[in-house]
$ cat entry-v7.txt   # compact mmCIF, C-alpha atoms and all ligand atoms
# COMPACT_ATOMS: atom_id res chain seq x y z
CA MET I 137 40.86 11.97 -39.11
CA LEU I 138 44.38 11.49 -40.34
CA LEU I 139 47.16 10.18 -38.12
CA ASP I 140 50.55 10.88 -39.63
CA LYS I 141 53.42 9.10 -37.84
CA VAL I 142 51.80 9.74 -34.47
CA ALA I 143 54.04 8.64 -31.62
CA VAL I 144 53.99 9.10 -27.85
CA VAL I 145 57.16 9.17 -25.79
CA VAL I 146 57.07 9.72 -22.02
CA GLN I 147 60.39 10.22 -20.22
CA ASN I 148 62.28 8.58 -23.09
CA ASN I 149 59.84 5.66 -22.96
CA PRO I 150 58.20 5.00 -26.34
CA LEU I 151 54.58 4.21 -25.39
CA LEU I 152 53.47 4.33 -29.02
CA THR I 153 55.76 3.94 -32.02
CA PRO I 154 55.04 6.12 -35.12
CA SER I 155 51.61 5.13 -36.39
CA SER I 156 49.74 6.35 -39.46
CA ALA I 157 46.10 5.74 -40.33
CA THR I 158 42.96 7.35 -41.73
CA PHE I 159 39.61 7.08 -39.94
CA PHE I 160 36.76 8.11 -42.21
CA GLY I 161 34.04 10.41 -40.89
CA GLY I 162 30.72 8.86 -39.97
CA GLY I 163 32.37 5.52 -39.25
CA TRP I 164 32.51 3.42 -36.11
CA HIS I 165 36.15 2.53 -35.64
CA GLY I 166 37.36 -0.04 -33.14
CA ILE I 167 40.73 -0.10 -31.43
CA ALA I 168 41.90 -3.38 -29.94
CA GLY I 169 45.14 -5.04 -28.88
CA PRO I 170 46.87 -6.64 -25.91
CA ASN I 171 46.89 -5.07 -22.44
CA GLY I 172 49.49 -2.35 -22.16
CA GLY I 173 49.74 -2.16 -25.96
CA GLY I 174 49.10 1.59 -26.06
CA LYS I 175 45.38 1.84 -26.93
CA SER I 176 44.50 4.34 -24.19
CA THR I 177 47.70 6.23 -24.96
CA LEU I 178 46.61 6.66 -28.58
CA LEU I 179 43.11 7.77 -27.57
CA LYS I 180 44.50 10.30 -25.09
CA ALA I 181 46.84 11.67 -27.77
CA ILE I 182 43.87 12.12 -30.12
CA ALA I 183 41.90 13.80 -27.30
CA GLY I 184 44.80 16.19 -26.70
CA LEU I 185 45.43 14.85 -23.19
CA LEU I 186 48.92 13.54 -23.96
CA ASN I 187 51.67 15.22 -25.96
CA HIS I 188 52.40 13.44 -29.21
CA ARG I 189 54.88 13.53 -32.07
CA GLY I 190 53.74 13.52 -35.69
CA ASN I 191 50.45 15.02 -36.82
CA ILE I 192 46.80 14.44 -36.07
CA SER I 193 44.50 16.30 -38.45
CA LEU I 194 40.75 16.43 -38.40
CA GLN I 195 38.47 17.58 -41.17
CA TRP I 196 34.91 18.53 -40.36
CA PRO I 197 32.90 18.97 -43.57
CA LYS I 198 29.69 19.63 -41.63
CA GLY I 199 29.94 19.67 -37.84
CA LYS I 200 31.35 22.15 -35.34
CA GLY I 201 34.36 19.98 -34.59
CA GLU I 202 33.37 19.04 -31.03
CA VAL I 203 35.02 15.95 -29.60
CA GLY I 204 33.65 14.00 -26.63
CA TYR I 205 36.02 11.81 -24.61
CA MET I 206 35.00 8.99 -22.30
CA PRO I 207 37.97 7.82 -20.21
CA GLN I 208 38.66 4.30 -19.04
CA LEU I 209 36.59 3.40 -16.00
CA SER I 210 38.24 4.08 -12.65
CA PRO I 211 36.65 3.95 -9.22
CA PHE I 212 35.57 7.10 -7.42
CA ASP I 213 36.18 7.54 -3.70
CA ALA I 214 32.89 6.55 -2.04
CA SER I 215 33.22 9.43 0.43
CA LEU I 216 33.49 12.05 -2.30
CA PRO I 217 30.69 14.54 -1.47
CA ILE I 218 29.69 15.03 -5.12
CA THR I 219 26.38 13.96 -6.57
CA VAL I 220 25.99 12.62 -10.09
CA SER I 221 24.21 15.86 -10.97
CA ASP I 222 27.18 17.96 -9.71
CA PHE I 223 29.66 15.70 -11.50
CA ILE I 224 27.93 16.13 -14.85
CA ARG I 225 27.60 19.89 -14.40
CA LEU I 226 31.32 20.09 -13.53
CA HIS I 227 32.00 18.62 -16.97
CA SER I 228 29.89 21.22 -18.73
CA ASP I 229 31.97 24.22 -19.71
CA LYS I 230 28.82 26.11 -20.56
CA GLN I 231 27.41 26.50 -17.07
CA PRO I 232 29.12 26.97 -13.69
CA VAL I 233 28.26 24.25 -11.19
CA TRP I 234 26.63 26.72 -8.75
CA GLN I 235 23.99 27.59 -11.35
CA ARG I 236 22.20 24.33 -10.68
CA TYR I 237 18.83 26.04 -10.34
CA LYS I 238 18.98 26.80 -14.04
CA THR I 239 18.32 23.97 -16.42
CA ASP I 240 20.58 23.51 -19.40
CA PRO I 241 18.86 21.69 -22.27
CA LYS I 242 22.14 20.08 -23.34
CA ILE I 243 22.71 18.62 -19.88
CA GLU I 244 19.10 17.45 -19.71
CA ALA I 245 19.43 15.83 -23.15
CA ALA I 246 22.63 13.96 -22.22
CA ILE I 247 21.07 12.72 -18.97
CA GLU I 248 18.00 11.51 -20.80
CA LYS I 249 20.01 9.80 -23.56
CA VAL I 250 21.80 7.53 -21.09
CA SER I 251 18.76 7.16 -18.79
CA ILE I 252 20.36 8.26 -15.54
CA GLN I 253 17.57 10.50 -14.23
CA ALA I 254 17.15 8.25 -11.19
CA LEU I 255 20.85 8.55 -10.28
CA LEU I 256 21.21 12.32 -10.20
CA LYS I 257 21.02 12.75 -6.42
CA LYS I 258 23.25 9.77 -5.62
CA ARG I 259 26.86 10.29 -4.59
CA ILE I 260 29.16 9.54 -7.49
CA GLY I 261 31.28 7.13 -5.37
CA THR I 262 28.31 4.91 -4.54
CA LEU I 263 27.40 4.01 -8.13
CA SER I 264 27.72 0.53 -9.59
CA THR I 265 30.20 -0.02 -12.45
CA GLY I 266 27.49 0.07 -15.10
CA GLU I 267 25.97 3.24 -13.62
CA ARG I 268 29.38 4.95 -13.58
CA GLN I 269 29.88 4.07 -17.24
CA ARG I 270 26.58 5.69 -18.16
CA VAL I 271 27.49 8.86 -16.21
CA LEU I 272 30.88 9.06 -18.00
CA LEU I 273 29.09 8.59 -21.32
CA ALA I 274 26.68 11.43 -20.46
CA CYS I 275 29.70 13.68 -19.82
CA ALA I 276 31.20 12.75 -23.20
CA LEU I 277 27.90 13.64 -24.89
CA LEU I 278 27.48 17.01 -23.13
CA ASN I 279 28.77 19.32 -25.83
CA GLU I 280 26.93 17.56 -28.66
CA PRO I 281 30.14 16.13 -30.15
CA ASP I 282 30.73 15.23 -33.79
CA MET I 283 33.23 12.59 -32.73
CA LEU I 284 33.22 10.35 -29.67
CA LEU I 285 36.43 8.87 -28.26
CA LEU I 286 35.45 5.95 -26.04
CA ASP I 287 37.83 3.97 -23.83
CA GLU I 288 36.06 0.64 -23.24
CA PRO I 289 32.55 2.09 -22.78
CA MET I 290 31.00 -1.33 -22.19
CA ALA I 291 33.47 -2.53 -19.53
CA GLY I 292 31.64 -3.75 -16.44
CA VAL I 293 28.20 -3.20 -17.99
CA ASP I 294 25.65 -6.05 -17.98
CA LYS I 295 24.05 -7.43 -21.16
CA GLN I 296 21.00 -5.18 -21.04
CA GLY I 297 23.15 -2.13 -20.33
CA ARG I 298 25.45 -3.03 -23.22
CA GLU I 299 22.51 -3.26 -25.59
CA GLN I 300 21.34 0.19 -24.46
CA ILE I 301 24.79 1.73 -24.94
CA ILE I 302 25.22 0.06 -28.36
CA GLN I 303 21.82 1.41 -29.46
CA LEU I 304 22.75 4.89 -28.24
CA LEU I 305 26.07 4.77 -30.10
CA GLN I 306 24.35 3.41 -33.20
CA ASP I 307 21.92 6.38 -33.07
CA PHE I 308 24.93 8.71 -32.70
CA LYS I 309 26.48 7.17 -35.80
CA ASN I 310 23.19 7.30 -37.73
CA SER I 311 22.98 11.02 -37.04
CA GLY I 312 26.38 11.49 -38.71
CA GLY I 313 28.70 11.07 -35.71
CA THR I 314 32.11 9.40 -35.84
CA LEU I 315 33.18 6.91 -33.18
CA ILE I 316 36.62 5.73 -32.13
CA MET I 317 36.18 3.02 -29.53
CA ILE I 318 38.59 0.83 -27.58
CA GLU I 319 36.95 -2.55 -27.16
CA HIS I 320 38.11 -6.00 -26.07
CA ASP I 321 34.95 -7.92 -26.98
CA TRP I 322 35.29 -9.39 -30.46
CA GLN I 323 31.57 -9.91 -30.78
CA ILE I 324 30.91 -6.20 -30.24
CA ILE I 325 33.71 -5.28 -32.65
CA GLN I 326 32.30 -7.64 -35.24
CA ASP I 327 28.72 -6.40 -34.82
CA CYS I 328 29.43 -2.66 -34.61
CA CYS I 329 32.74 -1.58 -36.10
CA ASP I 330 33.48 -0.59 -39.70
CA SER I 331 37.21 -0.81 -39.15
CA LEU I 332 39.59 -2.12 -36.53
CA ALA I 333 42.99 -0.74 -35.58
CA TRP I 334 45.21 -3.31 -33.85
CA ILE I 335 47.59 -1.60 -31.45
CA ASP I 336 50.55 -3.45 -29.98
CA GLY I 337 53.22 -0.90 -29.11
CA GLY I 338 52.16 0.92 -32.29
CA LEU I 339 49.63 0.43 -35.07
CA LYS I 340 50.13 -3.10 -36.40
CA ASP I 341 47.04 -3.41 -38.58
CA HIS I 342 44.07 -1.29 -39.65
CA ASN I 343 41.45 -2.98 -41.71
CA ALA I 344 37.92 -4.40 -41.71
CA PRO I 345 37.49 -6.33 -38.42
CA SER I 346 37.15 -9.66 -40.25
CA VAL I 347 40.43 -9.06 -42.11
CA VAL I 348 42.31 -8.14 -38.91
CA PHE I 349 40.81 -11.21 -37.26
CA GLU I 350 42.02 -13.53 -40.02
CA GLN I 351 45.48 -11.97 -39.98
CA LEU I 352 45.76 -12.39 -36.22
CA LYS I 353 44.59 -15.96 -36.50
CA SER I 354 47.18 -16.83 -39.08
CA ALA I 355 49.91 -15.01 -37.13
CA HIS I 356 49.01 -16.99 -33.97
CA LEU I 357 49.36 -13.91 -31.83
CA SER I 358 49.17 -14.65 -28.11
CA ALA I 359 46.41 -12.05 -27.72
CA PHE I 360 44.18 -13.96 -30.10
CA PRO I 361 40.98 -14.92 -28.28
CA SER I 362 40.95 -18.72 -28.24
CA ASN I 363 37.20 -18.92 -27.57
CA VAL I 364 36.39 -17.25 -30.89
CA THR I 365 36.67 -19.39 -33.98
CA GLU I 366 35.26 -17.15 -36.65
CA LEU I 367 34.05 -13.67 -37.37
CA LYS I 368 30.98 -13.18 -39.47
CA HIS I 369 31.19 -10.55 -42.15
CA VAL I 370 30.32 -7.08 -40.94
CA SER I 371 27.29 -5.70 -42.73
N1 LIG I 401 51.88 8.62 -18.30
C1 LIG I 401 52.57 7.48 -18.43
N2 LIG I 401 53.86 7.41 -18.09
C2 LIG I 401 54.58 6.28 -18.23
N3 LIG I 401 54.06 5.13 -18.74
C3 LIG I 401 52.78 5.14 -19.09
C4 LIG I 401 51.95 6.30 -18.97
N4 LIG I 401 50.71 6.00 -19.42
C5 LIG I 401 50.77 4.71 -19.80
N5 LIG I 401 52.00 4.20 -19.61
C6 LIG I 401 52.44 2.83 -19.97
O1 LIG I 401 52.27 2.72 -21.39
C7 LIG I 401 51.86 1.41 -21.74
C8 LIG I 401 50.58 1.50 -22.55
O2 LIG I 401 49.52 1.90 -21.69
P1 LIG I 401 48.04 2.04 -22.21
O3 LIG I 401 47.19 2.39 -21.03
O4 LIG I 401 48.00 2.94 -23.37
O5 LIG I 401 47.73 0.55 -22.69
P2 LIG I 401 46.35 -0.10 -23.14
O6 LIG I 401 46.60 -0.78 -24.45
O7 LIG I 401 45.26 0.90 -23.11
O8 LIG I 401 46.15 -1.21 -22.00
P3 LIG I 401 44.81 -1.85 -21.35
O9 LIG I 401 44.19 -2.75 -22.38
O10 LIG I 401 45.37 -2.65 -20.20
O11 LIG I 401 43.93 -0.73 -20.89
C9 LIG I 401 51.71 0.64 -20.43
O12 LIG I 401 52.89 -0.11 -20.23
C10 LIG I 401 51.58 1.72 -19.38
O13 LIG I 401 52.10 1.30 -18.13
$ encode --input "entry-v7.txt" --output "structure tokens"
Amino acid sequence: MLLDKVAVVVQNNPLLTPSSATFFGGGWHGIAGPNGGGKSTLLKAIAGLLNHRGNISLQWPKGKGEVGYMPQLSPFDASLPITVSDFIRLHSDKQPVWQRYKTDPKIEAAIEKVSIQALLKKRIGTLSTGERQRVLLACALLNEPDMLLLDEPMAGVDKQGREQIIQLLQDFKNSGGTLIMIEHDWQIIQDCCDSLAWIDGGLKDHNAPSVVFEQLKSAHLSAFPSNVTELKHVS
């Protein structure tokens, strides 16, 4: 994926200054930066949910060009009369929600991948944070995407849940998928990501995570995590 001077302006407000970068296919790419820096804005622009200036081009040597998007976690109204099963089917453009008596192998596969079989009859608004994250991830996986755009997929998820999601995303990568993931946890970035884009009003750095880390450290940026003293080399 090539970003060529991609910028987002909303009502004359520059949310993202012109940013250019290349994200190679089959890679796991992290996006990090301070709160309000424009990370979600960039991801939404890539997903086609926000108008942008400049060009975003995607090349798909093998796949169908499907993109799955997992938005940032937001609470659902507890009184919403929608079950997890309905919610997932609403996200499938292949099958109308009223056809619930028919099984769709793609929906079944996504549900199984994130292990939410036990949640299907629960109301979406009653789920815990970690459960909601897994449901949103199932929706992103529905159309068997070649690329996943993930806005903090591990936020609010406990250690065991994180390990499950990381394994799932690792499997997605191993099968040839490309990941673009907003993440605040340096340990996860260090362990998982091939590259890291640092967004602070625009793209300020795009490099191996350890290189970005060292540059941030030497620049004494306020967003630098004081509890982290070193990054091991990414294998
Ligand atoms: N539709 C919009 N209209 C106006 N301003 C917006 C809009 N969407 C986002 N913003 C503003 O743009 C800035 C960047 O927001 P964005 O959500 O992209 O940041 P972020 O880096 O993802 O932050 P966080 O880490 O807190 O999630 C923020 O100041 C936000 O208030």
$ residues_around --input "entry-v7.txt" --residues "I:Trp196" --least-positions-apart "4" --cutoff "10 Å" --atoms "all atoms listed in the file" --output "list in words"
Met137, Gly161, Lys200, Gly201, Glu202, Asp282 and Met283 of chain I
$ closest_residue --input "entry-v7.txt" --among "I:Val203, I:Val347, I:Ile247, I:Leu272" --to "I:Thr314" --atoms "all atoms listed in the file"
I:Val203
$ atom_distance --input "entry-v7.txt" --atom1 "atom CA of I:Gln195" --atom2 "atom C1 of ligand LIG 401 (chain I)"
28.6 Å
$ residues_near_ligand --input "entry-v7.txt" --ligand "ligand LIG 401 (chain I)" --cutoff "10 Å" --atoms "only C-alpha atoms and all ligand atoms" --output "JSON, numbers by chain"
{"I": [144, 145, 146, 147, 148, 149, 150, 151, 152, 167, 168, 169, 170, 171, 172, 173, 174, 175, 176, 177, 178, 179, 180, 181, 186, 208, 209, 287, 288, 318, 319, 320, 334, 335, 336, 337, 338]}
$ residues_around --input "entry-v7.txt" --residues "I:Gly312" --least-positions-apart "5" --cutoff "12 Å" --atoms "all atoms listed in the file" --output "count of residues only"
17
$ decode --input "entry-v7.txt" --residues "stretch 311-333 of chain I" --atoms "N, CA, C and O atoms" --output "CSV table (one decimal), in the first residue's frame"
chain,number,residue,atom,x,y,z
I,311,SER,N,-0.7,-16.6,6.8
I,311,SER,CA,-1.4,-17.1,5.6
I,311,SER,C,-1.4,-16.0,4.5
I,311,SER,O,-2.1,-16.1,3.5
I,312,GLY,N,-0.5,-15.0,4.7
I,312,GLY,CA,-0.3,-14.0,3.6
I,312,GLY,C,-1.0,-12.7,3.8
I,312,GLY,O,-0.8,-11.8,3.0
I,313,GLY,N,-1.7,-12.5,4.9
I,313,GLY,CA,-2.4,-11.3,5.1
I,313,GLY,C,-1.5,-10.1,5.6
I,313,GLY,O,-0.4,-10.4,6.1
I,314,THR,N,-2.0,-8.9,5.3
I,314,THR,CA,-1.3,-7.7,5.7
I,314,THR,C,-2.1,-7.0,6.9
I,314,THR,O,-3.3,-7.0,6.8
I,315,LEU,N,-1.3,-6.6,7.8
I,315,LEU,CA,-2.0,-5.9,9.0
I,315,LEU,C,-1.5,-4.5,9.2
I,315,LEU,O,-0.3,-4.3,9.1
I,316,ILE,N,-2.5,-3.6,9.4
I,316,ILE,CA,-2.1,-2.2,9.8
I,316,ILE,C,-2.8,-2.0,11.1
I,316,ILE,O,-4.1,-2.1,11.2
I,317,MET,N,-2.1,-1.8,12.2
I,317,MET,CA,-2.7,-1.9,13.5
I,317,MET,C,-2.3,-0.7,14.4
I,317,MET,O,-1.1,-0.5,14.6
I,318,ILE,N,-3.3,0.0,14.9
I,318,ILE,CA,-3.0,1.1,15.9
I,318,ILE,C,-2.8,0.4,17.2
I,318,ILE,O,-3.6,-0.4,17.6
I,319,GLU,N,-1.7,0.7,17.9
I,319,GLU,CA,-1.4,0.1,19.2
I,319,GLU,C,-0.6,1.0,20.1
I,319,GLU,O,0.3,1.7,19.6
I,320,HIS,N,-1.0,1.0,21.3
I,320,HIS,CA,-0.2,1.9,22.3
I,320,HIS,C,0.8,1.1,23.1
I,320,HIS,O,1.7,1.7,23.7
I,321,ASP,N,0.7,-0.2,23.1
I,321,ASP,CA,1.6,-1.0,24.0
I,321,ASP,C,2.9,-1.3,23.2
I,321,ASP,O,2.9,-2.0,22.2
I,322,TRP,N,4.0,-0.7,23.8
I,322,TRP,CA,5.3,-0.9,23.1
I,322,TRP,C,5.7,-2.3,23.1
I,322,TRP,O,6.4,-2.8,22.1
I,323,GLN,N,5.3,-3.1,24.1
I,323,GLN,CA,5.8,-4.5,24.1
I,323,GLN,C,5.1,-5.3,22.9
I,323,GLN,O,5.8,-6.0,22.3
I,324,ILE,N,3.8,-5.0,22.7
I,324,ILE,CA,3.2,-5.7,21.6
I,324,ILE,C,3.8,-5.2,20.3
I,324,ILE,O,4.0,-6.0,19.4
I,325,ILE,N,4.0,-3.9,20.1
I,325,ILE,CA,4.6,-3.4,18.9
I,325,ILE,C,6.0,-4.1,18.7
I,325,ILE,O,6.3,-4.5,17.6
I,326,GLN,N,6.7,-4.1,19.7
I,326,GLN,CA,8.1,-4.7,19.6
I,326,GLN,C,8.0,-6.2,19.2
I,326,GLN,O,8.7,-6.7,18.4
I,327,ASP,N,7.1,-6.9,19.8
I,327,ASP,CA,7.0,-8.4,19.6
I,327,ASP,C,6.4,-8.7,18.2
I,327,ASP,O,6.7,-9.7,17.7
I,328,CYS,N,5.4,-7.9,17.8
I,328,CYS,CA,4.6,-8.3,16.6
I,328,CYS,C,4.9,-7.5,15.3
I,328,CYS,O,4.8,-8.1,14.2
I,329,CYS,N,5.3,-6.2,15.4
I,329,CYS,CA,5.3,-5.4,14.2
I,329,CYS,C,6.6,-5.4,13.4
I,329,CYS,O,7.7,-5.3,14.0
I,330,ASP,N,6.5,-5.4,12.1
I,330,ASP,CA,7.6,-5.3,11.2
I,330,ASP,C,8.1,-3.8,11.1
I,330,ASP,O,9.2,-3.5,10.8
I,331,SER,N,7.1,-3.0,11.1
I,331,SER,CA,7.4,-1.5,10.9
I,331,SER,C,6.5,-0.7,11.9
I,331,SER,O,5.4,-1.3,12.3
I,332,LEU,N,6.9,0.5,12.1
I,332,LEU,CA,6.1,1.3,13.0
I,332,LEU,C,6.0,2.7,12.4
I,332,LEU,O,7.0,3.3,12.1
I,333,ALA,N,4.7,3.2,12.2
I,333,ALA,CA,4.5,4.6,11.7
I,333,ALA,C,4.2,5.4,12.9
I,333,ALA,O,3.2,5.1,13.6
